[in-house]
Structure formats: structure tokens, C-alpha cells
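run-v9.cif follows; it contains mmCIF, C-alpha atoms.
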```
data_coords
#
loop_
_atom_site.label_atom_id
_atom_site.label_comp_id
_atom_site.auth_asym_id
_atom_site.auth_seq_id
_atom_site.Cartn_x
_atom_site.Cartn_y
_atom_site.Cartn_z
CA MET A 1 -148.54 46.33 -52.08
CA SER A 2 -147.81 46.28 -48.47
CA ASP A 3 -145.34 48.88 -47.22
CA VAL A 4 -142.66 46.21 -47.04
CA VAL A 5 -141.95 43.52 -49.59
CA VAL A 6 -139.47 40.89 -48.49
CA ALA A 7 -138.49 39.63 -51.92
CA ARG A 8 -137.79 35.89 -52.18
CA SER A 9 -136.67 35.90 -55.81
CA LEU A 10 -135.26 38.34 -58.34
CA ASP A 11 -138.62 38.37 -60.12
CA ASP A 12 -140.28 39.22 -56.81
CA ALA A 13 -137.94 42.13 -56.28
CA LEU A 14 -138.17 43.45 -59.83
CA GLY A 15 -141.95 43.05 -59.81
CA ALA A 16 -142.25 45.05 -56.59
CA LEU A 17 -139.96 47.74 -58.01
CA ALA A 18 -141.95 47.82 -61.25
CA ASP A 19 -145.13 48.41 -59.27
CA HIS A 20 -143.48 51.02 -57.06
CA PRO A 21 -140.38 52.41 -58.77
CA ASP A 22 -139.83 54.88 -55.94
CA ALA A 23 -139.66 52.20 -53.25
CA THR A 24 -136.46 52.17 -51.23
CA VAL A 25 -134.28 49.09 -51.74
CA LEU A 26 -132.98 47.60 -48.49
CA ALA A 27 -130.01 45.21 -48.64
CA GLY A 28 -127.87 44.69 -45.52
CA GLY A 29 -129.12 47.85 -43.85
CA THR A 30 -125.70 49.05 -42.73
CA ASP A 31 -126.12 52.37 -44.54
CA LEU A 32 -129.87 52.77 -44.99
CA MET A 33 -130.85 51.92 -41.41
CA VAL A 34 -128.33 54.42 -40.05
CA GLU A 35 -130.06 57.14 -42.04
CA ILE A 36 -133.50 55.90 -40.97
CA ASN A 37 -132.47 55.72 -37.31
CA ARG A 38 -131.16 59.28 -37.49
CA GLY A 39 -134.41 60.47 -39.04
CA LEU A 40 -132.65 61.51 -42.26
CA ARG A 41 -134.77 59.18 -44.38
CA ARG A 42 -138.32 58.06 -43.96
CA PRO A 43 -139.21 55.63 -46.73
CA SER A 44 -142.88 54.94 -47.26
CA GLN A 45 -142.19 51.71 -49.15
CA VAL A 46 -139.33 49.26 -48.83
CA VAL A 47 -138.27 46.33 -50.98
CA ALA A 48 -135.96 44.12 -48.92
CA VAL A 49 -133.58 42.11 -51.11
CA ALA A 50 -131.33 40.39 -48.55
CA GLN A 51 -133.16 37.09 -49.05
CA VAL A 52 -133.13 37.02 -52.84
CA PRO A 53 -131.22 33.82 -53.71
CA GLU A 54 -130.12 35.04 -57.16
CA LEU A 55 -128.38 38.01 -55.54
CA ARG A 56 -126.58 35.79 -53.04
CA GLN A 57 -124.83 33.80 -55.78
CA TRP A 58 -121.20 34.08 -56.77
CA SER A 59 -118.98 32.10 -59.08
CA VAL A 60 -115.33 31.75 -59.93
CA ALA A 61 -114.03 30.77 -63.36
CA ASP A 62 -110.50 30.65 -64.79
CA ASN A 63 -110.42 34.28 -65.77
CA ARG A 64 -113.64 35.72 -64.36
CA VAL A 65 -115.21 36.31 -60.95
CA ILE A 66 -118.91 37.06 -60.62
CA VAL A 67 -120.28 38.37 -57.34
CA GLY A 68 -124.00 38.84 -56.74
CA GLY A 69 -125.19 42.09 -55.26
CA GLY A 70 -126.36 40.33 -52.09
CA VAL A 71 -123.03 38.69 -51.31
CA THR A 72 -121.85 39.87 -47.88
CA TYR A 73 -118.41 41.08 -46.84
CA THR A 74 -118.10 37.98 -44.66
CA GLU A 75 -118.72 35.78 -47.70
CA MET A 76 -116.11 37.71 -49.73
CA MET A 77 -113.59 36.91 -46.97
CA THR A 78 -114.46 33.33 -46.12
CA THR A 79 -115.43 31.60 -49.37
CA ALA A 80 -113.40 30.67 -52.44
CA LEU A 81 -113.90 34.29 -53.51
CA ALA A 82 -111.07 35.20 -51.15
CA GLU A 83 -108.59 33.26 -53.28
CA ALA A 84 -110.06 34.31 -56.62
CA ALA A 85 -110.29 38.02 -55.77
CA PRO A 86 -107.83 38.56 -52.92
CA ALA A 87 -108.05 42.35 -52.97
CA LEU A 88 -111.83 42.10 -52.62
CA ALA A 89 -111.35 39.90 -49.55
CA GLN A 90 -108.77 42.30 -48.12
CA ALA A 91 -111.15 45.21 -48.64
CA ALA A 92 -114.05 43.30 -47.11
CA ARG A 93 -111.96 42.50 -44.05
CA THR A 94 -111.40 46.21 -43.37
CA VAL A 95 -115.11 47.02 -43.32
CA GLY A 96 -116.71 47.58 -39.91
CA SER A 97 -116.89 44.67 -37.48
CA PRO A 98 -118.05 41.05 -37.80
CA PRO A 99 -121.77 41.87 -37.47
CA ILE A 100 -121.44 44.68 -40.02
CA ARG A 101 -119.60 42.36 -42.41
CA ASN A 102 -122.30 39.71 -41.90
CA ALA A 103 -124.93 42.19 -43.09
CA GLY A 104 -123.28 44.57 -45.56
CA THR A 105 -123.22 43.57 -49.22
CA LEU A 106 -121.39 44.34 -52.44
CA GLY A 107 -124.60 45.67 -53.96
CA GLY A 108 -125.12 47.91 -50.96
CA ASN A 109 -121.59 49.28 -51.21
CA LEU A 110 -122.27 50.03 -54.89
CA GLY A 111 -125.71 51.50 -54.26
CA THR A 112 -124.44 53.82 -51.54
CA ALA A 113 -121.61 54.84 -53.90
CA SER A 114 -119.61 56.61 -51.22
CA PRO A 115 -116.11 57.56 -52.37
CA ALA A 116 -114.99 55.69 -49.23
CA GLY A 117 -116.80 52.46 -50.20
CA ASP A 118 -113.98 49.98 -49.71
CA THR A 119 -114.87 47.47 -52.41
CA LEU A 120 -115.15 50.13 -55.11
CA PRO A 121 -111.42 50.65 -55.82
CA VAL A 122 -111.09 46.87 -56.07
CA LEU A 123 -113.91 46.69 -58.59
CA ALA A 124 -112.33 49.51 -60.60
CA ALA A 125 -108.90 47.85 -60.59
CA LEU A 126 -110.46 44.54 -61.68
CA ASN A 127 -112.25 46.22 -64.63
CA ALA A 128 -115.60 45.24 -63.14
CA GLN A 129 -118.79 45.45 -65.10
CA ILE A 130 -121.78 46.37 -62.97
CA VAL A 131 -124.94 44.58 -64.08
CA LEU A 132 -128.32 46.18 -63.39
CA ALA A 133 -131.74 44.63 -63.98
CA GLY A 134 -134.88 46.60 -64.57
CA PRO A 135 -138.19 46.60 -66.38
CA ASP A 136 -136.44 46.56 -69.78
CA GLY A 137 -134.00 43.77 -68.95
CA GLU A 138 -130.35 43.98 -68.03
CA ARG A 139 -127.76 46.64 -68.77
CA ARG A 140 -124.12 46.73 -67.81
CA MET A 141 -121.43 49.35 -67.41
CA GLY A 142 -118.03 50.03 -65.90
CA LEU A 143 -117.76 51.53 -62.43
CA ASP A 144 -116.90 54.91 -63.99
CA ASP A 145 -120.29 55.08 -65.64
CA PHE A 146 -122.14 53.59 -62.68
CA VAL A 147 -120.88 56.06 -60.07
CA VAL A 148 -121.76 59.52 -61.37
CA GLY A 149 -120.95 61.57 -58.26
CA VAL A 150 -120.56 61.48 -54.50
CA LYS A 151 -123.16 58.94 -53.38
CA GLN A 152 -124.82 59.19 -56.80
CA THR A 153 -125.31 56.40 -59.31
CA CYS A 154 -126.94 56.00 -62.69
CA LEU A 155 -129.54 53.59 -61.21
CA GLN A 156 -132.95 54.42 -62.62
CA PRO A 157 -136.24 53.97 -60.73
CA GLY A 158 -137.24 50.30 -60.89
CA GLU A 159 -133.66 49.09 -61.36
CA LEU A 160 -131.69 46.82 -59.09
CA ILE A 161 -127.97 46.08 -58.81
CA VAL A 162 -127.74 42.39 -59.68
CA ARG A 163 -124.05 41.54 -59.79
CA ALA A 164 -120.52 42.64 -60.59
CA GLU A 165 -118.42 40.72 -63.09
CA MET A 166 -114.69 41.21 -62.74
CA ASP A 167 -111.40 40.04 -64.18
CA ARG A 168 -109.37 37.33 -62.52
CA PRO A 169 -105.88 38.21 -63.73
CA ARG A 170 -102.75 36.20 -62.99
CA GLY A 171 -100.79 38.33 -60.52
CA ARG A 172 -100.70 39.82 -57.04
CA GLN A 173 -103.51 41.97 -55.64
CA GLU A 174 -103.39 44.42 -52.75
CA PHE A 175 -105.97 46.53 -50.97
CA LEU A 176 -104.74 49.05 -48.41
CA LYS A 177 -106.48 51.78 -46.50
CA ILE A 178 -105.77 54.42 -43.88
CA GLY A 179 -107.99 55.17 -40.91
CA PRO A 180 -107.61 56.08 -37.25
CA ARG A 181 -107.67 52.49 -35.96
CA ASN A 182 -107.48 48.94 -37.27
CA ALA A 183 -111.19 48.19 -37.01
CA MET A 184 -114.48 49.97 -37.53
CA VAL A 185 -113.03 52.74 -39.65
CA ILE A 186 -114.24 54.54 -42.70
CA SER A 187 -111.35 55.09 -45.10
CA MET A 188 -109.49 58.41 -45.11
CA ALA A 189 -107.66 57.04 -48.15
CA GLY A 190 -107.84 53.65 -49.84
CA LEU A 191 -106.14 51.95 -52.74
CA ALA A 192 -106.42 48.76 -54.75
CA LEU A 193 -103.53 47.53 -56.87
CA VAL A 194 -103.83 44.58 -59.22
CA VAL A 195 -101.07 43.01 -61.30
CA ASP A 196 -102.04 41.41 -64.59
CA ARG A 197 -98.99 39.44 -65.69
CA ASP A 198 -100.48 38.26 -68.96
CA ALA A 199 -101.42 41.80 -70.01
CA ARG A 200 -98.14 43.09 -68.48
CA ALA A 201 -100.17 45.69 -66.68
CA VAL A 202 -100.59 47.16 -63.22
CA ARG A 203 -104.01 48.56 -62.39
CA CYS A 204 -104.49 50.95 -59.52
CA ALA A 205 -107.69 52.63 -58.27
CA LEU A 206 -108.24 55.03 -55.40
CA GLY A 207 -110.87 55.44 -52.69
CA ALA A 208 -111.85 58.40 -50.50
CA VAL A 209 -109.58 60.82 -52.38
CA ALA A 210 -111.95 62.05 -55.10
CA ALA A 211 -115.66 62.37 -55.84
CA GLY A 212 -115.51 59.12 -57.79
CA ILE A 213 -113.13 56.16 -57.82
CA PRO A 214 -110.28 57.28 -60.09
CA ARG A 215 -107.92 54.91 -61.85
CA ALA A 216 -104.32 56.13 -61.81
CA THR A 217 -103.92 55.36 -65.50
CA GLU A 218 -100.86 57.55 -66.11
CA ALA A 219 -99.02 55.94 -63.19
CA GLU A 220 -100.15 52.48 -64.32
CA ALA A 221 -98.69 52.95 -67.79
CA TRP A 222 -95.50 54.52 -66.40
CA VAL A 223 -94.74 51.67 -64.02
CA ALA A 224 -95.64 48.93 -66.50
CA GLU A 225 -92.74 50.12 -68.66
CA ARG A 226 -90.29 49.85 -65.77
CA ILE A 227 -91.15 46.32 -64.69
CA HIS A 228 -89.13 43.48 -66.21
CA TRP A 229 -92.10 41.26 -66.82
CA ASP A 230 -90.09 38.10 -67.41
CA ASN A 231 -88.76 38.06 -63.84
CA GLY A 232 -90.69 40.74 -61.92
CA ALA A 233 -87.59 42.87 -61.32
CA GLY A 234 -87.41 46.61 -61.82
CA VAL A 235 -89.39 47.87 -58.82
CA ASP A 236 -86.68 49.50 -56.71
CA ASP A 237 -87.24 52.18 -54.07
CA ALA A 238 -86.93 55.00 -56.58
CA VAL A 239 -89.51 53.48 -58.92
CA ALA A 240 -91.89 52.69 -56.05
CA ASP A 241 -91.58 56.23 -54.67
CA GLU A 242 -92.16 57.85 -58.02
CA PHE A 243 -95.10 55.52 -58.65
CA GLY A 244 -96.58 56.77 -55.38
CA GLN A 245 -96.23 60.39 -56.45
CA ARG A 246 -97.75 59.66 -59.85
CA VAL A 247 -100.66 57.80 -58.27
CA ALA A 248 -101.26 60.69 -55.88
CA ALA A 249 -101.50 62.99 -58.90
CA ALA A 250 -104.62 61.07 -59.94
CA SER A 251 -106.34 62.00 -56.68
CA SER A 252 -108.36 65.15 -56.08
CA PRO A 253 -109.04 65.03 -52.35
CA ILE A 254 -110.89 67.54 -50.19
CA ASP A 255 -110.74 68.67 -46.58
CA ASP A 256 -113.64 67.27 -44.57
CA HIS A 257 -114.51 66.03 -41.07
CA ARG A 258 -112.53 62.84 -41.61
CA SER A 259 -109.22 64.16 -42.92
CA THR A 260 -107.51 66.87 -44.93
CA ALA A 261 -106.76 66.99 -48.62
CA ALA A 262 -103.02 67.29 -47.95
CA TYR A 263 -102.96 64.24 -45.69
CA ARG A 264 -105.05 62.19 -48.11
CA ARG A 265 -102.76 63.04 -51.02
CA HIS A 266 -99.74 62.07 -48.92
CA ALA A 267 -101.41 58.90 -47.63
CA VAL A 268 -102.44 57.63 -51.04
CA ALA A 269 -98.86 58.05 -52.30
CA VAL A 270 -97.58 56.02 -49.35
CA LEU A 271 -100.20 53.33 -49.98
CA ALA A 272 -99.32 53.13 -53.67
CA THR A 273 -95.60 52.79 -52.94
CA ARG A 274 -96.29 50.14 -50.30
CA ALA A 275 -98.70 48.17 -52.47
CA LEU A 276 -96.32 48.13 -55.43
CA LYS A 277 -93.41 46.98 -53.26
CA ARG A 278 -95.52 44.19 -51.80
CA ALA A 279 -96.71 43.08 -55.22
CA PHE A 280 -93.15 42.96 -56.55
CA ALA A 281 -91.30 41.90 -53.41
CA GLU A 282 -88.18 39.93 -54.23
CA GLY A 283 -89.12 36.43 -55.27
CA SER A 284 -92.80 37.18 -55.85
CA SER A 285 -92.38 38.36 -59.46
CA GLY A 286 -95.77 39.96 -59.18
CA ASP A 287 -97.18 36.46 -59.08
CA ALA A 288 -100.29 35.56 -57.14
CA MET B 1 -147.84 51.70 -41.51
CA PRO B 2 -147.11 48.03 -42.30
CA ASP B 3 -149.65 45.32 -41.70
CA PRO B 4 -149.27 43.59 -38.33
CA TYR B 5 -146.45 41.12 -38.53
CA THR B 6 -145.03 38.27 -36.47
CA LEU B 7 -141.45 37.99 -35.30
CA ARG B 8 -140.00 34.72 -34.04
CA VAL B 9 -137.97 35.71 -30.98
CA ASN B 10 -136.26 33.18 -28.70
CA GLY B 11 -138.54 30.44 -30.03
CA THR B 12 -141.76 32.37 -29.47
CA ASP B 13 -144.00 34.01 -32.08
CA CYS B 14 -144.54 37.65 -31.14
CA GLU B 15 -147.14 39.76 -32.92
CA VAL B 16 -146.20 43.33 -33.68
CA ALA B 17 -149.10 45.62 -34.50
CA ASP B 18 -149.35 49.37 -35.10
CA ALA B 19 -145.61 49.64 -35.63
CA ASP B 20 -144.13 52.26 -37.92
CA LEU B 21 -142.45 50.97 -41.05
CA THR B 22 -139.15 52.58 -40.10
CA GLU B 23 -138.75 50.85 -36.73
CA SER B 24 -135.56 48.87 -36.23
CA LEU B 25 -135.54 45.39 -34.75
CA LEU B 26 -133.75 46.92 -31.76
CA PHE B 27 -136.63 49.35 -31.17
CA VAL B 28 -139.29 46.66 -31.55
CA LEU B 29 -137.48 44.25 -29.22
CA ARG B 30 -137.16 46.85 -26.48
CA GLU B 31 -140.18 49.09 -26.83
CA ARG B 32 -142.83 46.73 -28.19
CA LEU B 33 -141.79 43.30 -26.91
CA GLY B 34 -140.25 44.39 -23.59
CA LEU B 35 -136.98 42.57 -24.23
CA THR B 36 -134.69 45.20 -22.76
CA GLY B 37 -131.61 42.99 -22.47
CA THR B 38 -130.64 44.16 -25.94
CA LYS B 39 -129.14 47.62 -25.39
CA ASN B 40 -129.69 50.78 -27.39
CA ALA B 41 -126.67 53.04 -27.76
CA CYS B 42 -125.28 54.24 -31.08
CA THR B 43 -128.03 53.06 -33.49
CA GLU B 44 -125.48 53.03 -36.31
CA GLY B 45 -123.68 49.70 -35.93
CA GLU B 46 -120.62 51.17 -34.22
CA CYS B 47 -120.98 49.68 -30.72
CA SER B 48 -122.67 46.24 -31.01
CA SER B 49 -124.47 46.68 -27.69
CA CYS B 50 -127.61 45.70 -29.63
CA ALA B 51 -126.12 42.48 -31.04
CA VAL B 52 -128.53 39.57 -31.59
CA LEU B 53 -128.48 36.43 -33.70
CA VAL B 54 -130.69 36.42 -36.82
CA ASP B 55 -130.94 32.92 -38.28
CA GLY B 56 -127.81 32.20 -36.26
CA VAL B 57 -125.85 35.13 -37.73
CA LEU B 58 -124.39 37.81 -35.46
CA THR B 59 -126.23 41.00 -36.34
CA CYS B 60 -126.65 44.55 -35.04
CA SER B 61 -130.38 44.72 -34.38
CA CYS B 62 -130.35 48.49 -34.88
CA LEU B 63 -129.53 47.87 -38.55
CA VAL B 64 -132.37 45.40 -39.14
CA LEU B 65 -135.72 46.70 -40.37
CA ALA B 66 -138.11 44.88 -38.05
CA ALA B 67 -140.91 44.72 -40.62
CA ALA B 68 -138.58 42.82 -42.96
CA ALA B 69 -137.62 40.23 -40.32
CA PRO B 70 -140.70 37.96 -40.14
CA GLY B 71 -139.78 34.35 -40.82
CA GLN B 72 -136.31 34.73 -39.37
CA GLU B 73 -135.23 33.10 -36.12
CA ILE B 74 -134.16 35.88 -33.75
CA THR B 75 -132.18 35.08 -30.61
CA THR B 76 -131.55 37.80 -28.04
CA VAL B 77 -129.42 37.68 -24.91
CA GLU B 78 -132.54 36.58 -23.01
CA GLY B 79 -132.61 33.43 -25.15
CA LEU B 80 -129.08 32.26 -24.44
CA GLY B 81 -129.17 31.14 -20.79
CA ASP B 82 -129.21 27.49 -19.83
CA GLY B 83 -126.86 26.68 -16.93
CA ARG B 84 -126.45 27.93 -13.33
CA ASP B 85 -129.26 30.31 -12.36
CA GLY B 86 -130.33 30.23 -16.00
CA LEU B 87 -126.96 31.59 -17.11
CA SER B 88 -125.01 30.28 -20.07
CA VAL B 89 -121.38 29.21 -19.74
CA VAL B 90 -120.38 32.52 -21.29
CA GLN B 91 -122.49 34.52 -18.86
CA GLU B 92 -121.11 32.58 -15.89
CA ALA B 93 -117.58 33.25 -17.08
CA PHE B 94 -118.29 36.99 -17.33
CA VAL B 95 -119.56 36.94 -13.72
CA ASP B 96 -116.72 34.81 -12.40
CA GLU B 97 -113.97 36.80 -14.14
CA GLY B 98 -115.42 40.19 -13.19
CA ALA B 99 -115.80 41.14 -16.84
CA VAL B 100 -118.76 43.39 -16.08
CA GLN B 101 -118.51 46.93 -14.77
CA CYS B 102 -121.38 49.22 -15.75
CA GLY B 103 -122.86 46.32 -17.71
CA PHE B 104 -124.21 48.26 -20.65
CA CYS B 105 -122.04 46.55 -23.28
CA THR B 106 -122.35 43.15 -21.62
CA PRO B 107 -125.40 41.72 -23.43
CA GLY B 108 -123.93 42.52 -26.83
CA LEU B 109 -120.63 41.00 -25.79
CA ILE B 110 -122.35 37.88 -24.49
CA VAL B 111 -124.13 37.39 -27.81
CA ALA B 112 -120.92 38.02 -29.78
CA VAL B 113 -118.94 35.58 -27.61
CA HIS B 114 -121.61 32.90 -28.04
CA ASP B 115 -121.28 33.41 -31.79
CA LEU B 116 -117.48 33.25 -31.65
CA LEU B 117 -117.32 30.08 -29.56
CA GLU B 118 -119.87 28.33 -31.77
CA ALA B 119 -117.51 28.83 -34.70
CA ASP B 120 -114.19 28.46 -32.88
CA PRO B 121 -114.02 26.55 -29.59
CA ASP B 122 -110.40 27.54 -28.94
CA PRO B 123 -109.81 31.07 -30.22
CA SER B 124 -106.44 32.78 -29.88
CA ASP B 125 -106.17 36.20 -28.25
CA GLY B 126 -106.04 37.72 -31.71
CA ASP B 127 -109.14 35.82 -32.80
CA VAL B 128 -111.03 37.12 -29.77
CA ARG B 129 -109.93 40.71 -30.35
CA GLU B 130 -110.94 40.46 -33.99
CA ALA B 131 -114.31 38.88 -33.18
CA LEU B 132 -115.10 41.54 -30.57
CA SER B 133 -113.63 44.47 -32.51
CA GLY B 134 -117.08 45.94 -32.96
CA ASN B 135 -118.13 45.65 -29.30
CA LEU B 136 -117.29 48.86 -27.49
CA CYS B 137 -116.73 48.79 -23.71
CA ARG B 138 -115.79 52.06 -22.06
CA CYS B 139 -115.19 50.68 -18.52
CA THR B 140 -113.17 47.52 -18.35
CA GLY B 141 -110.24 48.07 -20.66
CA TYR B 142 -111.20 44.66 -22.11
CA GLY B 143 -108.65 42.65 -20.09
CA ARG B 144 -111.20 40.84 -17.98
CA ILE B 145 -113.45 40.38 -20.98
CA LEU B 146 -110.63 38.56 -22.78
CA ALA B 147 -110.06 36.45 -19.67
CA ALA B 148 -113.77 35.62 -19.50
CA VAL B 149 -113.83 34.52 -23.15
CA HIS B 150 -110.87 32.19 -22.65
CA SER B 151 -112.40 30.86 -19.44
CA ALA B 152 -115.75 30.22 -21.16
CA ALA B 153 -113.98 28.53 -24.06
CA ALA B 154 -112.09 26.24 -21.66
CA THR B 155 -115.28 25.37 -19.79
CA LYS B 156 -117.13 24.60 -23.00
CA ARG B 157 -114.27 22.43 -24.26
CA SER B 158 -114.21 20.51 -20.99
CA GLN B 159 -117.93 19.78 -21.41
CA LEU B 160 -117.53 18.22 -24.86
#
```
What would the structure in this file look like if it were written as C-alpha cells?
Amino acid sequence: MSDVVVARSLDDALGALADHPDATVLAGGTDLMVEINRGLRRPSQVVAVAQVPELRQWSVADNRVIVGGGVTYTEMMTTALAEAAPALAQAARTVGSPPIRNAGTLGGNLGTASPAGDTLPVLAALNAQIVLAGPDGERRMGLDDFVVGVKQTCLQPGELIVRAEMDRPRGRQEFLKIGPRNAMVISMAGLALVVDRDARAVRCALGAVAAGIPRATEAEAWVAERIHWDNGAGVDDAVADEFGQRVAAASSPIDDHRSTAAYRRHAVAVLATRALKRAFAEGSSGDA
Amino acid sequence: MPDPYTLRVNGTDCEVADADLTESLLFVLRERLGLTGTKNACTEGECSSCAVLVDGVLTCSCLVLAAAAPGQEITTVEGLGDGRDGLSVVQEAFVDEGAVQCGFCTPGLIVAVHDLLEADPDPSDGDVREALSGNLCRCTGYGRILAAVHSAAATKRSQL
């Protein structure tokens, strides 16, 4: 095998990884190339997957959205995916700049598994299943089981992130994040909130405030009991504020170069309150 | 070390030999192919001074692994000129509006503005700011850059 395989099919990519399980997988390059340019990584073999057609596919069904690992942020924002998974589009729009969004992919965001990966809270709130392919076929798991630590996943040598399969519930979706400016920022705190009117549920997941991507399950259950699901009423200021506090209790932030734990905990409460109010603004009934 | 490979740059096949596997497209363009219009600053996708088009898509060349780019059509700022003195409409507008001070960010901006005006011949101020949100300029304050984009857009529309 040459040092670089530019895979043209999924079989190509999996074959190259089977031959060289320790090869480095290159998708959009927006994370890996930064590390290479800084001299932090020096791969001896690369499998480039940006031109694998199977990974570029996505599909939208009545109650399901499937997004290939090679789908770019730009595609999440500009195709029919934006309507089917609005929070995913909102998250994609906050990533980097146009050239970064043209290159960066869902699979790359998953593979990097940073707590600040902006699509990850959306995937968690949409109950996504992550599908991996490897020498023994496919396996699938929730985001909880896929991300096992800060920038650590359960990917085994020879495996590739193929796609994410997520719910398409009837109801509003919000993605919000905090950073020092409105473009080109890595999240100091992020939050996805999804309303599922049929299940009478609110799902809320957090970014950049824990080692993983926690779901605020206690807050979700608490608020679901306060919403009048027949008309969307019940979210007043007091409920929204308390929801924020309960969501913040699901975070376990740290102080680092980007922010402080105290600010992150505060910010994620504000985001949760804001997202809930938007989702249940008068007249919207939590509807899409 | 990868086998020698061929990059298609501005319509020309360019052989790259003896390159290290880890070299970015930005590095290869500048250091191996002598195309120094594409600027090297942050090498992490923050500044877009290295912007090029890859198969027509606006891309930070610092984030492209050169050895994985054979077969793709790469256009650098050197490949964009066509009009007065070999300048494109966008380049002329940057000159005429005084949108250039130190000039370091200019090639990346030129490429990004070409990309914007291909997609949207009449962008609003907000559209322009959004499209150029990744292009950092530390001299101009952006005012004259915005003016140059609108001027280039008007010129291009008048040529339709």
C-alpha cells in the first residue's frame, strides 16, 4: 500500500483499513491537518475518505434522518437536511467559516469526539445511533457508548464511522452555543433541545460542559410534566428558569483556557432557559 | 514518503516528487510549485489567507493533505485573473476601492469573493460578512473590502 490511499468506495476504505488497521483516517482535515501542521501528529499511513460516495449520502424519511459520515457542515445547512434536522443545521452553521464548513464532516466531528463538537449534542438529543463498519461488518451504538472520554471513542483499529441515524420527531428544535464572537468560535458551552410532541418529551443534551455529551434527563422529565401538551402552554418564566437550573445540574464543567467552570455552568442554564422559551413561544405549541 | 504524484493546478498538471506525506496543499503550492500568491499564516483554518478552490469549492489549503489531492481541480489566486492587466473583476475592484493595505489577506479574500459572487451575484451586506467571516484582515477594518465586494458584484452584473 502506498502511504496514502484516496478511497473511492466504502470497500476501498475498509480494505485499506483492513490491510493497515493503524492507518490514520482523514476526512475533511479540519482537525487532523491542524495537528499535522503543528507537528503533533505524524501519520505514516493515511486513508482519505472524503471522496467515498457511500459516506456522502444522506436521506430523510417521515420519522428518520440518516446522515453519512462524509456529509459536510455546508450540506447539513443547505440541503433538505436543514428542514428535517433543524438543530443539526443550526449547529453546522456555528462551526468555523464557510471554507471550514465546506470541508468538515459529521464523521469527523464524531471521530474527533471533542466535548465541544457542535453536532454531538444534537445527535444525543435526537437519540442518534452511530453506525461503524469494520472487518466483521457493522455495529451500532448510541452516542453515550461511542464517546468514551474527552476525544476518545470506542472505534477499533480497522473501523470507520459510516453514518448516524437519528429521530425526526414532530416538534421544535434548537441549538445554541456561547463563544467570544459570532463566527469561528469553539463552544464554551453548547446545548441542543428537541421537542417530541408525539412522545410528549423534551430532550436536551449539552456540549463543552463535561467530558462527554450529557443528556439532562432529570430536567427533561421534570419539564415534560409541566407542559400542557395539548396546547403547548405551561412554559412560563418560572418554569423556564428552573429548567435552566436543572439542566445546569447535569453539567460537570472544568476551568480551562477557553472558559471557567462557573461561567460554563451559568451559560448552559441561560441557554437551556432560552431554548425552552423559543421552543414553546406563544403560538408555537412546541410545533416545528 | 508517498510516491510522486500529480496535482492539477490552474489547469496545469504539476508533478510533486520527494514530498513528505504530511505536507499540506498550502506548503506544496508555495514551497514546491512556487505559487506564492496563496499565503501561509495560521495553518489551522482560522484566517483563510490560504484559501483556494478545490473542485470549485472554497477550501483552506492548509487543511488539505496534498498527497490526497491528485485528480482534483485546484484553482489558486494566480488562476483567477482575466481582465485588465490580467486582473479579474474582483481584483480590479479591490485595487479601485483601496481594499488592500498590507496585502497579506488579499489573495484569500479574492478567492473567497470569487466563490461568493459565483453563488450570489447580488449579496447583501450581511451575506458578504457571513461569506468572509473566516477571512481575517488586521489592517483595513473591512470597510473598503465590503465596498470592493459590492463594486465587483455591480460590475459583474452589468457584464451579464
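Atom pair CA of Val147 in chain A / CA of Glu54 in chain A has a distance of 23.1 Å (rounded to one decimal).
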Can you pull out the residues contacting range 243-245 of chain A? Cut-off 7 Å, using all atoms listed in the file, and skip same-chain residues under 5 positions away; I want them as a PyMOL selection string. chain A and resi 219+223+269-270+272-273
Using CA of Asp62 in chain A and CA of Val194 in chain A as the two end points, give the distance in Å to one decimal.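 We find that CA of Asp62 in chain A and CA of Val194 in chain A lie 16.4 Å from each other.
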As a PyMOL selection string, please: the residues near Val131 in chain A (cut-off 10 Å, all atoms listed in the file, same-chain neighbours under 4 positions excluded). chain A and resi 68-69+138-142+146+160-165
Any idea which chain A residues end up within 6 Å of chain B if we count all atoms listed in the file, as a ChimeraX atom specification please? /A:3,6,29-30,33-34,97,99
Nearest residue to Asp136 in chain A out of A:Ala211, A:Leu14, A:Asn182, A:Val239, using all atoms listed in the file? A:Leu14
Any chance you could work out the residue set of the PyMOL selection byres ((chain A and resi 71-85) around 10) here, as a PyMOL selection string? chain A and resi 27-28+50+53-70+86-109+119+122-123+126+163+166-170+172-174+194+288
